>>> print(open('input14.txt').read())   # compact mmCIF, N, CA and C atoms
# COMPACT_ATOMS: atom_id res chain seq x y z
N MET U 1 63.50 166.88 160.31
CA MET U 1 64.56 166.28 159.54
C MET U 1 64.44 166.73 158.09
N THR U 2 65.54 167.15 157.51
CA THR U 2 65.54 167.61 156.13
C THR U 2 65.91 166.47 155.21
N VAL U 3 65.11 166.26 154.20
CA VAL U 3 65.39 165.26 153.18
C VAL U 3 66.22 165.93 152.10
N GLU U 4 67.31 165.32 151.70
CA GLU U 4 68.16 165.91 150.68
C GLU U 4 68.03 165.15 149.36
N PHE U 5 67.89 165.92 148.30
CA PHE U 5 67.81 165.36 146.95
C PHE U 5 68.92 165.96 146.11
N ALA U 6 69.51 165.14 145.27
CA ALA U 6 70.40 165.62 144.22
C ALA U 6 69.65 165.39 142.91
N LEU U 7 69.43 166.44 142.15
CA LEU U 7 68.71 166.37 140.90
C LEU U 7 69.67 166.68 139.76
N VAL U 8 69.79 165.77 138.81
CA VAL U 8 70.68 165.94 137.67
C VAL U 8 69.83 165.87 136.41
N GLY U 9 69.77 166.96 135.67
CA GLY U 9 68.97 166.95 134.46
C GLY U 9 68.86 168.31 133.83
N PRO U 10 68.12 168.39 132.73
CA PRO U 10 68.00 169.65 131.99
C PRO U 10 66.99 170.60 132.60
N LEU U 11 67.34 171.85 132.62
CA LEU U 11 66.42 172.91 133.06
C LEU U 11 66.20 173.85 131.87
N PRO U 12 65.08 174.58 131.83
CA PRO U 12 64.86 175.48 130.70
C PRO U 12 66.05 176.41 130.52
N PRO U 13 66.29 176.91 129.34
CA PRO U 13 65.37 177.37 128.35
C PRO U 13 64.93 176.43 127.25
N PRO U 14 65.28 175.14 127.15
CA PRO U 14 64.75 174.35 126.03
C PRO U 14 63.23 174.45 125.95
N ILE U 15 62.72 174.20 124.76
CA ILE U 15 61.30 174.41 124.50
C ILE U 15 60.46 173.29 125.11
N GLY U 16 59.65 173.64 126.08
CA GLY U 16 58.62 172.76 126.63
C GLY U 16 59.02 171.34 126.95
N GLY U 17 58.02 170.48 126.97
CA GLY U 17 58.22 169.05 127.15
C GLY U 17 58.78 168.68 128.51
N ALA U 18 59.60 167.66 128.51
CA ALA U 18 60.09 167.07 129.74
C ALA U 18 61.00 168.00 130.52
N THR U 19 61.72 168.91 129.85
CA THR U 19 62.58 169.82 130.60
C THR U 19 61.76 170.74 131.49
N VAL U 20 60.57 171.11 131.03
CA VAL U 20 59.68 171.92 131.86
C VAL U 20 59.20 171.10 133.05
N LEU U 21 58.86 169.84 132.84
CA LEU U 21 58.43 168.98 133.94
C LEU U 21 59.55 168.82 134.97
N PHE U 22 60.78 168.64 134.51
CA PHE U 22 61.91 168.52 135.43
C PHE U 22 62.07 169.81 136.24
N SER U 23 61.90 170.94 135.58
CA SER U 23 61.97 172.23 136.26
C SER U 23 60.86 172.36 137.30
N GLN U 24 59.68 171.84 137.00
CA GLN U 24 58.59 171.89 137.95
C GLN U 24 58.89 171.04 139.18
N VAL U 25 59.56 169.91 138.98
CA VAL U 25 59.97 169.08 140.12
C VAL U 25 60.94 169.86 141.00
N VAL U 26 61.91 170.54 140.38
CA VAL U 26 62.87 171.34 141.13
C VAL U 26 62.17 172.43 141.92
N GLU U 27 61.24 173.14 141.27
CA GLU U 27 60.50 174.21 141.94
C GLU U 27 59.65 173.67 143.09
N ALA U 28 58.95 172.57 142.87
CA ALA U 28 58.07 172.01 143.90
C ALA U 28 58.87 171.56 145.12
N LEU U 29 59.97 170.88 144.90
CA LEU U 29 60.78 170.42 146.03
C LEU U 29 61.43 171.59 146.75
N GLY U 30 61.91 172.56 145.98
CA GLY U 30 62.52 173.74 146.60
C GLY U 30 61.51 174.55 147.39
N GLY U 31 60.29 174.66 146.87
CA GLY U 31 59.23 175.39 147.56
C GLY U 31 58.73 174.69 148.80
N ALA U 32 58.94 173.38 148.89
CA ALA U 32 58.49 172.61 150.05
C ALA U 32 59.53 172.63 151.17
N GLY U 33 60.60 173.37 150.98
CA GLY U 33 61.61 173.47 152.02
C GLY U 33 62.57 172.29 152.05
N VAL U 34 62.63 171.55 150.98
CA VAL U 34 63.53 170.40 150.88
C VAL U 34 64.90 170.88 150.43
N SER U 35 65.92 170.33 151.02
CA SER U 35 67.28 170.69 150.63
C SER U 35 67.62 170.05 149.29
N LEU U 36 68.00 170.89 148.31
CA LEU U 36 68.26 170.43 146.95
C LEU U 36 69.66 170.77 146.49
N GLN U 37 70.21 169.88 145.67
CA GLN U 37 71.40 170.17 144.89
C GLN U 37 71.02 169.89 143.45
N VAL U 38 71.27 170.83 142.56
CA VAL U 38 70.85 170.66 141.18
C VAL U 38 72.06 170.78 140.26
N VAL U 39 72.19 169.81 139.35
CA VAL U 39 73.19 169.88 138.29
C VAL U 39 72.43 170.06 136.99
N ASN U 40 72.56 171.24 136.40
CA ASN U 40 71.85 171.56 135.17
C ASN U 40 72.63 171.01 133.98
N THR U 41 72.00 170.13 133.20
CA THR U 41 72.65 169.52 132.05
C THR U 41 72.17 170.10 130.73
N SER U 42 71.45 171.21 130.76
CA SER U 42 70.96 171.82 129.52
C SER U 42 72.11 172.23 128.62
N ARG U 43 71.85 172.19 127.32
CA ARG U 43 72.88 172.57 126.35
C ARG U 43 73.24 174.04 126.47
N GLY U 44 72.23 174.90 126.51
CA GLY U 44 72.50 176.33 126.55
C GLY U 44 73.28 176.76 125.32
N THR U 45 74.17 177.71 125.50
CA THR U 45 74.96 178.20 124.37
C THR U 45 76.36 177.61 124.35
N ALA U 46 76.70 176.82 125.33
CA ALA U 46 78.05 176.26 125.41
C ALA U 46 78.25 175.14 124.39
N SER U 47 79.45 175.06 123.86
CA SER U 47 79.79 173.95 122.97
C SER U 47 79.98 172.70 123.82
N PRO U 48 80.07 171.52 123.20
CA PRO U 48 80.09 170.27 123.97
C PRO U 48 81.20 170.15 125.03
N LEU U 49 82.41 170.55 124.73
CA LEU U 49 83.49 170.38 125.70
C LEU U 49 83.31 171.26 126.94
N PRO U 50 83.06 172.58 126.79
CA PRO U 50 82.82 173.39 128.00
C PRO U 50 81.61 172.91 128.80
N ARG U 51 80.58 172.46 128.09
CA ARG U 51 79.38 171.94 128.77
C ARG U 51 79.72 170.70 129.58
N ALA U 52 80.47 169.78 128.98
CA ALA U 52 80.88 168.56 129.69
C ALA U 52 81.75 168.89 130.90
N MET U 53 82.62 169.86 130.77
CA MET U 53 83.48 170.25 131.90
C MET U 53 82.64 170.87 133.03
N ARG U 54 81.65 171.68 132.66
CA ARG U 54 80.77 172.29 133.68
C ARG U 54 79.98 171.22 134.42
N ILE U 55 79.44 170.26 133.68
CA ILE U 55 78.67 169.19 134.31
C ILE U 55 79.56 168.33 135.19
N ALA U 56 80.76 168.00 134.71
CA ALA U 56 81.70 167.19 135.51
C ALA U 56 82.09 167.91 136.80
N THR U 57 82.32 169.20 136.72
CA THR U 57 82.66 169.98 137.91
C THR U 57 81.50 170.00 138.90
N ASP U 58 80.28 170.21 138.39
CA ASP U 58 79.11 170.21 139.27
C ASP U 58 78.89 168.85 139.91
N LEU U 59 79.11 167.77 139.16
CA LEU U 59 78.96 166.42 139.74
C LEU U 59 80.02 166.17 140.80
N TRP U 60 81.22 166.66 140.57
CA TRP U 60 82.30 166.48 141.55
C TRP U 60 81.96 167.18 142.86
N ARG U 61 81.27 168.32 142.78
CA ARG U 61 80.94 169.12 143.97
C ARG U 61 79.69 168.63 144.71
N LEU U 62 79.00 167.65 144.17
CA LEU U 62 77.79 167.16 144.84
C LEU U 62 78.12 166.70 146.25
N GLU U 63 77.26 167.07 147.16
CA GLU U 63 77.39 166.62 148.54
C GLU U 63 76.52 165.39 148.74
N ARG U 64 76.78 164.67 149.81
CA ARG U 64 76.02 163.46 150.13
C ARG U 64 74.52 163.75 150.14
N SER U 65 73.77 162.91 149.44
CA SER U 65 72.32 163.08 149.35
C SER U 65 71.64 161.76 149.68
N GLN U 66 70.38 161.87 150.08
CA GLN U 66 69.62 160.66 150.41
C GLN U 66 69.02 160.01 149.18
N VAL U 67 68.67 160.81 148.17
CA VAL U 67 68.10 160.31 146.93
C VAL U 67 68.71 161.10 145.78
N VAL U 68 69.04 160.41 144.69
CA VAL U 68 69.58 161.06 143.50
C VAL U 68 68.62 160.78 142.34
N LEU U 69 68.13 161.84 141.72
CA LEU U 69 67.24 161.73 140.57
C LEU U 69 67.98 162.23 139.34
N VAL U 70 68.08 161.36 138.33
CA VAL U 70 68.73 161.72 137.06
C VAL U 70 67.66 161.69 135.98
N GLY U 71 67.49 162.79 135.29
CA GLY U 71 66.49 162.87 134.23
C GLY U 71 67.12 163.31 132.93
N GLY U 72 66.64 162.78 131.83
CA GLY U 72 67.16 163.18 130.53
C GLY U 72 66.64 162.31 129.43
N SER U 73 67.08 162.63 128.22
CA SER U 73 66.67 161.85 127.05
C SER U 73 67.91 161.31 126.35
N TRP U 74 67.65 160.49 125.36
CA TRP U 74 68.71 159.86 124.59
C TRP U 74 69.51 160.94 123.87
N PRO U 75 70.79 160.83 123.68
CA PRO U 75 71.69 159.79 124.17
C PRO U 75 72.42 160.17 125.45
N SER U 76 72.18 161.37 125.96
CA SER U 76 72.96 161.85 127.11
C SER U 76 72.65 161.11 128.40
N ILE U 77 71.46 160.56 128.55
CA ILE U 77 71.07 159.95 129.81
C ILE U 77 71.86 158.70 130.15
N LEU U 78 72.25 157.91 129.15
CA LEU U 78 72.94 156.66 129.45
C LEU U 78 74.31 156.89 130.08
N PRO U 79 75.21 157.63 129.45
CA PRO U 79 76.50 157.86 130.12
C PRO U 79 76.35 158.71 131.37
N LEU U 80 75.41 159.65 131.37
CA LEU U 80 75.22 160.50 132.54
C LEU U 80 74.77 159.69 133.75
N SER U 81 73.83 158.77 133.56
CA SER U 81 73.37 157.95 134.70
C SER U 81 74.49 157.06 135.21
N PHE U 82 75.32 156.56 134.31
CA PHE U 82 76.46 155.73 134.70
C PHE U 82 77.46 156.53 135.53
N VAL U 83 77.78 157.75 135.08
CA VAL U 83 78.73 158.61 135.80
C VAL U 83 78.17 159.01 137.16
N VAL U 84 76.88 159.35 137.21
CA VAL U 84 76.26 159.73 138.49
C VAL U 84 76.29 158.56 139.46
N LYS U 85 75.95 157.37 139.01
CA LYS U 85 75.97 156.20 139.89
C LYS U 85 77.38 155.93 140.39
N PHE U 86 78.38 156.08 139.52
CA PHE U 86 79.77 155.90 139.92
C PHE U 86 80.16 156.95 140.96
N ARG U 87 79.75 158.20 140.74
CA ARG U 87 80.09 159.30 141.65
C ARG U 87 79.43 159.12 143.02
N THR U 88 78.23 158.57 143.06
CA THR U 88 77.48 158.48 144.31
C THR U 88 77.52 157.09 144.93
N ARG U 89 78.34 156.20 144.44
CA ARG U 89 78.34 154.81 144.89
C ARG U 89 78.60 154.65 146.39
N ARG U 90 79.41 155.50 146.97
CA ARG U 90 79.72 155.38 148.40
C ARG U 90 78.59 155.88 149.30
N TRP U 91 77.69 156.67 148.76
CA TRP U 91 76.59 157.20 149.55
C TRP U 91 75.54 156.16 149.84
N GLN U 92 75.47 155.15 149.03
CA GLN U 92 74.43 154.13 149.11
C GLN U 92 73.04 154.77 149.03
N ALA U 93 72.95 155.83 148.25
CA ALA U 93 71.68 156.50 148.03
C ALA U 93 71.02 155.89 146.80
N PRO U 94 69.71 155.70 146.85
CA PRO U 94 69.05 155.17 145.65
C PRO U 94 69.14 156.17 144.50
N VAL U 95 69.40 155.66 143.30
CA VAL U 95 69.46 156.48 142.10
C VAL U 95 68.25 156.15 141.25
N VAL U 96 67.46 157.18 140.96
CA VAL U 96 66.27 157.04 140.13
C VAL U 96 66.59 157.68 138.78
N VAL U 97 66.46 156.90 137.71
CA VAL U 97 66.71 157.40 136.36
C VAL U 97 65.37 157.56 135.66
N ARG U 98 65.13 158.75 135.15
CA ARG U 98 63.87 159.05 134.45
C ARG U 98 64.20 159.36 133.00
N LEU U 99 63.77 158.48 132.10
CA LEU U 99 64.00 158.64 130.67
C LEU U 99 62.80 159.31 130.03
N PHE U 100 63.05 160.32 129.23
CA PHE U 100 61.96 160.94 128.51
C PHE U 100 62.43 161.38 127.13
N GLY U 101 61.46 161.48 126.22
CA GLY U 101 61.74 161.94 124.87
C GLY U 101 62.65 161.02 124.09
N GLY U 102 62.88 161.37 122.85
CA GLY U 102 63.82 160.62 122.04
C GLY U 102 63.19 159.46 121.29
N SER U 103 63.93 158.92 120.33
CA SER U 103 63.45 157.79 119.52
C SER U 103 64.15 156.52 119.99
N TYR U 104 63.76 156.02 121.12
CA TYR U 104 64.41 154.85 121.71
C TYR U 104 64.21 153.59 120.89
N ARG U 105 63.04 153.43 120.30
CA ARG U 105 62.75 152.21 119.55
C ARG U 105 63.76 152.02 118.41
N GLU U 106 64.03 153.08 117.67
CA GLU U 106 64.99 152.99 116.57
C GLU U 106 66.40 152.73 117.10
N ARG U 107 66.79 153.46 118.11
CA ARG U 107 68.16 153.38 118.62
C ARG U 107 68.45 152.07 119.33
N LEU U 108 67.45 151.50 120.00
CA LEU U 108 67.66 150.27 120.74
C LEU U 108 67.41 149.02 119.90
N SER U 109 67.16 149.20 118.61
CA SER U 109 66.90 148.04 117.76
C SER U 109 68.17 147.21 117.51
N ARG U 110 69.33 147.83 117.60
CA ARG U 110 70.57 147.09 117.41
C ARG U 110 70.99 146.44 118.73
N ARG U 111 71.39 145.19 118.66
CA ARG U 111 71.69 144.40 119.85
C ARG U 111 72.82 145.00 120.69
N GLY U 112 73.89 145.47 120.08
CA GLY U 112 75.01 146.04 120.81
C GLY U 112 74.63 147.29 121.60
N VAL U 113 73.81 148.13 120.98
CA VAL U 113 73.35 149.35 121.66
C VAL U 113 72.45 148.99 122.82
N ARG U 114 71.58 148.02 122.62
CA ARG U 114 70.67 147.59 123.68
C ARG U 114 71.44 147.03 124.87
N THR U 115 72.47 146.23 124.61
CA THR U 115 73.30 145.65 125.68
C THR U 115 74.05 146.75 126.43
N LEU U 116 74.63 147.69 125.70
CA LEU U 116 75.34 148.79 126.33
C LEU U 116 74.40 149.63 127.20
N ALA U 117 73.20 149.89 126.71
CA ALA U 117 72.22 150.66 127.47
C ALA U 117 71.86 149.94 128.77
N ARG U 118 71.65 148.64 128.70
CA ARG U 118 71.32 147.88 129.92
C ARG U 118 72.46 147.93 130.93
N LEU U 119 73.70 147.81 130.45
CA LEU U 119 74.84 147.85 131.36
C LEU U 119 74.97 149.21 132.04
N MET U 120 74.75 150.28 131.29
CA MET U 120 74.86 151.62 131.86
C MET U 120 73.74 151.93 132.85
N LEU U 121 72.58 151.34 132.64
CA LEU U 121 71.45 151.62 133.53
C LEU U 121 71.33 150.60 134.66
N ARG U 122 72.22 149.62 134.70
CA ARG U 122 72.15 148.57 135.70
C ARG U 122 72.22 149.10 137.14
N GLY U 123 72.99 150.14 137.36
CA GLY U 123 73.16 150.66 138.71
C GLY U 123 71.98 151.41 139.28
N ALA U 124 71.01 151.72 138.45
CA ALA U 124 69.85 152.48 138.93
C ALA U 124 68.92 151.58 139.72
N GLU U 125 68.48 152.07 140.86
CA GLU U 125 67.53 151.31 141.67
C GLU U 125 66.14 151.37 141.08
N ARG U 126 65.85 152.44 140.34
CA ARG U 126 64.53 152.59 139.75
C ARG U 126 64.67 153.26 138.39
N LEU U 127 63.94 152.75 137.42
CA LEU U 127 63.95 153.30 136.07
C LEU U 127 62.53 153.72 135.74
N GLU U 128 62.34 155.01 135.47
CA GLU U 128 61.02 155.53 135.12
C GLU U 128 61.03 155.92 133.65
N LEU U 129 59.98 155.54 132.96
CA LEU U 129 59.87 155.81 131.52
C LEU U 129 58.71 156.75 131.26
N GLU U 130 58.93 157.71 130.39
CA GLU U 130 57.88 158.67 130.07
C GLU U 130 57.69 158.70 128.56
N GLY U 131 56.48 158.53 128.12
CA GLY U 131 56.17 158.55 126.68
C GLY U 131 55.97 157.15 126.15
N SER U 132 55.02 156.99 125.23
CA SER U 132 54.67 155.66 124.73
C SER U 132 55.81 155.04 123.93
N ASP U 133 56.55 155.82 123.14
CA ASP U 133 57.66 155.29 122.37
C ASP U 133 58.77 154.79 123.29
N CYS U 134 59.02 155.52 124.34
CA CYS U 134 60.05 155.15 125.30
C CYS U 134 59.66 153.84 126.02
N VAL U 135 58.43 153.74 126.44
CA VAL U 135 57.97 152.54 127.15
C VAL U 135 58.02 151.33 126.22
N ALA U 136 57.55 151.47 124.99
CA ALA U 136 57.54 150.36 124.04
C ALA U 136 58.95 149.87 123.73
N ALA U 137 59.90 150.77 123.66
CA ALA U 137 61.27 150.38 123.34
C ALA U 137 61.92 149.58 124.46
N TRP U 138 61.56 149.85 125.69
CA TRP U 138 62.21 149.18 126.83
C TRP U 138 61.48 147.93 127.28
N GLN U 139 60.32 147.61 126.68
CA GLN U 139 59.58 146.41 127.09
C GLN U 139 60.27 145.15 126.62
>>> encode(input="input14.txt", output="structure tokens")
Amino acid sequence: MTVEFALVGPLPPPIGGATVLFSQVVEALGGAGVSLQVVNTSRGTASPLPRAMRIATDLWRLERSQVVLVGGSWPSILPLSFVVKFRTRRWQAPVVVRLFGGSYRERLSRRGVRTLARLMLRGAERLELEGSDCVAAWQ
């Protein structure tokens, strides 16, 4: 039986850090013979509108998956996780959101931003935090 994963997140060329780790997850799962669908959310050279259109088109083309992993950093991860959960709601597949990088403590200090972030992440079955600043901000 083939396990299917949909992975949504940044892939290199960004410099090191969490994008490299996300790429390693993609490589490891692909090398293990697991069926993968990947939506690359890296900035690249595209300006914001063409990039958003490319990501939206790739999300629209996603096929039914058993598990959906969304990875990213502030501020793109919040609306992206919300859109992915909305797109995959009929699949009843668990959505795992992995937050990494960014200055979450500063950004989540305002009550309105904190409430909006909680609402957008509510649909995730699992929330994984990477980095001490990220963990401290969400406690």
>>> closest_residue(input="input14.txt", among="U:Ser65, U:Gly123, U:Leu59, U:Val39", to="Leu78 of chain U", atoms="only C-alpha atoms")
U:Gly123
>>> closest_residue(input="input14.txt", among="U:Leu119, U:Ala124, U:Val38, U:Val113", to="Gln92 of chain U", atoms="only C-alpha atoms")
U:Ala124
>>> select_by_dssp(input="input14.txt", residues="chain U", states="alpha helix (DSSP H)", output="compact mmCIF listing (two decimals) with N, CA and C atoms, in the frame of the given file")
# COMPACT_ATOMS: atom_id res chain seq x y z
N ALA U 18 59.60 167.66 128.51
CA ALA U 18 60.09 167.07 129.74
C ALA U 18 61.00 168.00 130.52
N THR U 19 61.72 168.91 129.85
CA THR U 19 62.58 169.82 130.60
C THR U 19 61.76 170.74 131.49
N VAL U 20 60.57 171.11 131.03
CA VAL U 20 59.68 171.92 131.86
C VAL U 20 59.20 171.10 133.05
N LEU U 21 58.86 169.84 132.84
CA LEU U 21 58.43 168.98 133.94
C LEU U 21 59.55 168.82 134.97
N PHE U 22 60.78 168.64 134.51
CA PHE U 22 61.91 168.52 135.43
C PHE U 22 62.07 169.81 136.24
N SER U 23 61.90 170.94 135.58
CA SER U 23 61.97 172.23 136.26
C SER U 23 60.86 172.36 137.30
N GLN U 24 59.68 171.84 137.00
CA GLN U 24 58.59 171.89 137.95
C GLN U 24 58.89 171.04 139.18
N VAL U 25 59.56 169.91 138.98
CA VAL U 25 59.97 169.08 140.12
C VAL U 25 60.94 169.86 141.00
N VAL U 26 61.91 170.54 140.38
CA VAL U 26 62.87 171.34 141.13
C VAL U 26 62.17 172.43 141.92
N GLU U 27 61.24 173.14 141.27
CA GLU U 27 60.50 174.21 141.94
C GLU U 27 59.65 173.67 143.09
N ALA U 28 58.95 172.57 142.87
CA ALA U 28 58.07 172.01 143.90
C ALA U 28 58.87 171.56 145.12
N LEU U 29 59.97 170.88 144.90
CA LEU U 29 60.78 170.42 146.03
C LEU U 29 61.43 171.59 146.75
N GLY U 30 61.91 172.56 145.98
CA GLY U 30 62.52 173.74 146.60
C GLY U 30 61.51 174.55 147.39
N GLY U 31 60.29 174.66 146.87
CA GLY U 31 59.23 175.39 147.56
C GLY U 31 58.73 174.69 148.80
N PRO U 48 80.07 171.52 123.20
CA PRO U 48 80.09 170.27 123.97
C PRO U 48 81.20 170.15 125.03
N LEU U 49 82.41 170.55 124.73
CA LEU U 49 83.49 170.38 125.70
C LEU U 49 83.31 171.26 126.94
N PRO U 50 83.06 172.58 126.79
CA PRO U 50 82.82 173.39 128.00
C PRO U 50 81.61 172.91 128.80
N ARG U 51 80.58 172.46 128.09
CA ARG U 51 79.38 171.94 128.77
C ARG U 51 79.72 170.70 129.58
N ALA U 52 80.47 169.78 128.98
CA ALA U 52 80.88 168.56 129.69
C ALA U 52 81.75 168.89 130.90
N MET U 53 82.62 169.86 130.77
CA MET U 53 83.48 170.25 131.90
C MET U 53 82.64 170.87 133.03
N ARG U 54 81.65 171.68 132.66
CA ARG U 54 80.77 172.29 133.68
C ARG U 54 79.98 171.22 134.42
N ILE U 55 79.44 170.26 133.68
CA ILE U 55 78.67 169.19 134.31
C ILE U 55 79.56 168.33 135.19
N ALA U 56 80.76 168.00 134.71
CA ALA U 56 81.70 167.19 135.51
C ALA U 56 82.09 167.91 136.80
N THR U 57 82.32 169.20 136.72
CA THR U 57 82.66 169.98 137.91
C THR U 57 81.50 170.00 138.90
N ASP U 58 80.28 170.21 138.39
CA ASP U 58 79.11 170.21 139.27
C ASP U 58 78.89 168.85 139.91
N LEU U 59 79.11 167.77 139.16
CA LEU U 59 78.96 166.42 139.74
C LEU U 59 80.02 166.17 140.80
N TRP U 60 81.22 166.66 140.57
CA TRP U 60 82.30 166.48 141.55
C TRP U 60 81.96 167.18 142.86
N ILE U 77 71.46 160.56 128.55
CA ILE U 77 71.07 159.95 129.81
C ILE U 77 71.86 158.70 130.15
N LEU U 78 72.25 157.91 129.15
CA LEU U 78 72.94 156.66 129.45
C LEU U 78 74.31 156.89 130.08
N PRO U 79 75.21 157.63 129.45
CA PRO U 79 76.50 157.86 130.12
C PRO U 79 76.35 158.71 131.37
N LEU U 80 75.41 159.65 131.37
CA LEU U 80 75.22 160.50 132.54
C LEU U 80 74.77 159.69 133.75
N SER U 81 73.83 158.77 133.56
CA SER U 81 73.37 157.95 134.70
C SER U 81 74.49 157.06 135.21
N PHE U 82 75.32 156.56 134.31
CA PHE U 82 76.46 155.73 134.70
C PHE U 82 77.46 156.53 135.53
N VAL U 83 77.78 157.75 135.08
CA VAL U 83 78.73 158.61 135.80
C VAL U 83 78.17 159.01 137.16
N VAL U 84 76.88 159.35 137.21
CA VAL U 84 76.26 159.73 138.49
C VAL U 84 76.29 158.56 139.46
N LYS U 85 75.95 157.37 139.01
CA LYS U 85 75.97 156.20 139.89
C LYS U 85 77.38 155.93 140.39
N PHE U 86 78.38 156.08 139.52
CA PHE U 86 79.77 155.90 139.92
C PHE U 86 80.16 156.95 140.96
N ARG U 87 79.75 158.20 140.74
CA ARG U 87 80.09 159.30 141.65
C ARG U 87 79.43 159.12 143.02
N TYR U 104 63.76 156.02 121.12
CA TYR U 104 64.41 154.85 121.71
C TYR U 104 64.21 153.59 120.89
N ARG U 105 63.04 153.43 120.30
CA ARG U 105 62.75 152.21 119.55
C ARG U 105 63.76 152.02 118.41
N GLU U 106 64.03 153.08 117.67
CA GLU U 106 64.99 152.99 116.57
C GLU U 106 66.40 152.73 117.10
N ARG U 107 66.79 153.46 118.11
CA ARG U 107 68.16 153.38 118.62
C ARG U 107 68.45 152.07 119.33
N ARG U 111 71.39 145.19 118.66
CA ARG U 111 71.69 144.40 119.85
C ARG U 111 72.82 145.00 120.69
N GLY U 112 73.89 145.47 120.08
CA GLY U 112 75.01 146.04 120.81
C GLY U 112 74.63 147.29 121.60
N VAL U 113 73.81 148.13 120.98
CA VAL U 113 73.35 149.35 121.66
C VAL U 113 72.45 148.99 122.82
N ARG U 114 71.58 148.02 122.62
CA ARG U 114 70.67 147.59 123.68
C ARG U 114 71.44 147.03 124.87
N THR U 115 72.47 146.23 124.61
CA THR U 115 73.30 145.65 125.68
C THR U 115 74.05 146.75 126.43
N LEU U 116 74.63 147.69 125.70
CA LEU U 116 75.34 148.79 126.33
C LEU U 116 74.40 149.63 127.20
N ALA U 117 73.20 149.89 126.71
CA ALA U 117 72.22 150.66 127.47
C ALA U 117 71.86 149.94 128.77
N ARG U 118 71.65 148.64 128.70
CA ARG U 118 71.32 147.88 129.92
C ARG U 118 72.46 147.93 130.93
N LEU U 119 73.70 147.81 130.45
CA LEU U 119 74.84 147.85 131.36
C LEU U 119 74.97 149.21 132.04
N MET U 120 74.75 150.28 131.29
CA MET U 120 74.86 151.62 131.86
C MET U 120 73.74 151.93 132.85
N LEU U 121 72.58 151.34 132.64
CA LEU U 121 71.45 151.62 133.53
C LEU U 121 71.33 150.60 134.66
N SER U 132 55.02 156.99 125.23
CA SER U 132 54.67 155.66 124.73
C SER U 132 55.81 155.04 123.93
N ASP U 133 56.55 155.82 123.14
CA ASP U 133 57.66 155.29 122.37
C ASP U 133 58.77 154.79 123.29
N CYS U 134 59.02 155.52 124.34
CA CYS U 134 60.05 155.15 125.30
C CYS U 134 59.66 153.84 126.02
N VAL U 135 58.43 153.74 126.44
CA VAL U 135 57.97 152.54 127.15
C VAL U 135 58.02 151.33 126.22
N ALA U 136 57.55 151.47 124.99
CA ALA U 136 57.54 150.36 124.04
C ALA U 136 58.95 149.87 123.73
N ALA U 137 59.90 150.77 123.66
CA ALA U 137 61.27 150.38 123.34
C ALA U 137 61.92 149.58 124.46
N TRP U 138 61.56 149.85 125.69
CA TRP U 138 62.21 149.18 126.83
C TRP U 138 61.48 147.93 127.28
>>> select_by_dssp(input="input14.txt", residues="segment 54-131 of chain U", states="strand (DSSP E)", output="number ranges by chain")
U: 67-72, 95-100, 126-130
>>> atom_distance(input="input14.txt", atom1="atom C of Leu127 of chain U", atom2="atom C of Ser81 of chain U")
12.4 Å
>>> atom_distance(input="input14.txt", atom1="atom C of Arg98 of chain U", atom2="atom C of Val70 of chain U")
5.1 Å
>>> closest_residue(input="input14.txt", among="U:Val68, U:Met120, U:Val8, U:Leu29", to="Phe82 of chain U", atoms="only N, CA and C atoms")
U:Met120
>>> decode(input="input14.txt", residues="segment 34-42 of chain U", atoms="N, CA, C and O atoms", output="PDB file, in the first residue's frame")
ATOM      1  N   VAL U  34       7.656   6.659  -1.376  1.00  0.00           N
ATOM      2  CA  VAL U  34       6.354   7.187  -0.966  1.00  0.00           C
ATOM      3  C   VAL U  34       5.841   8.117  -2.059  1.00  0.00           C
ATOM      4  O   VAL U  34       6.597   8.893  -2.631  1.00  0.00           O
ATOM      5  N   SER U  35       4.571   8.038  -2.334  1.00  0.00           N
ATOM      6  CA  SER U  35       3.963   8.907  -3.325  1.00  0.00           C
ATOM      7  C   SER U  35       3.823  10.317  -2.759  1.00  0.00           C
ATOM      8  O   SER U  35       3.219  10.508  -1.707  1.00  0.00           O
ATOM      9  N   LEU U  36       4.417  11.306  -3.453  1.00  0.00           N
ATOM     10  CA  LEU U  36       4.443  12.683  -2.968  1.00  0.00           C
ATOM     11  C   LEU U  36       3.823  13.646  -3.964  1.00  0.00           C
ATOM     12  O   LEU U  36       3.936  13.465  -5.160  1.00  0.00           O
ATOM     13  N   GLN U  37       3.190  14.672  -3.426  1.00  0.00           N
ATOM     14  CA  GLN U  37       2.803  15.846  -4.193  1.00  0.00           C
ATOM     15  C   GLN U  37       3.421  17.022  -3.470  1.00  0.00           C
ATOM     16  O   GLN U  37       3.261  17.150  -2.266  1.00  0.00           O
ATOM     17  N   VAL U  38       4.134  17.870  -4.180  1.00  0.00           N
ATOM     18  CA  VAL U  38       4.828  18.976  -3.535  1.00  0.00           C
ATOM     19  C   VAL U  38       4.377  20.298  -4.159  1.00  0.00           C
ATOM     20  O   VAL U  38       4.337  20.433  -5.375  1.00  0.00           O
ATOM     21  N   VAL U  39       4.024  21.243  -3.290  1.00  0.00           N
ATOM     22  CA  VAL U  39       3.735  22.609  -3.714  1.00  0.00           C
ATOM     23  C   VAL U  39       4.853  23.480  -3.163  1.00  0.00           C
ATOM     24  O   VAL U  39       4.963  23.658  -1.957  1.00  0.00           O
ATOM     25  N   ASN U  40       5.690  23.985  -4.060  1.00  0.00           N
ATOM     26  CA  ASN U  40       6.830  24.794  -3.664  1.00  0.00           C
ATOM     27  C   ASN U  40       6.374  26.235  -3.443  1.00  0.00           C
ATOM     28  O   ASN U  40       5.866  26.882  -4.350  1.00  0.00           O
ATOM     29  N   THR U  41       6.568  26.752  -2.235  1.00  0.00           N
ATOM     30  CA  THR U  41       6.148  28.111  -1.908  1.00  0.00           C
ATOM     31  C   THR U  41       7.315  29.085  -1.824  1.00  0.00           C
ATOM     32  O   THR U  41       7.142  30.203  -1.344  1.00  0.00           O
ATOM     33  N   SER U  42       8.490  28.687  -2.290  1.00  0.00           N
ATOM     34  CA  SER U  42       9.658  29.571  -2.247  1.00  0.00           C
ATOM     35  C   SER U  42       9.415  30.829  -3.067  1.00  0.00           C
ATOM     36  O   SER U  42       8.716  30.793  -4.072  1.00  0.00           O
TER      37      SER U  42
END
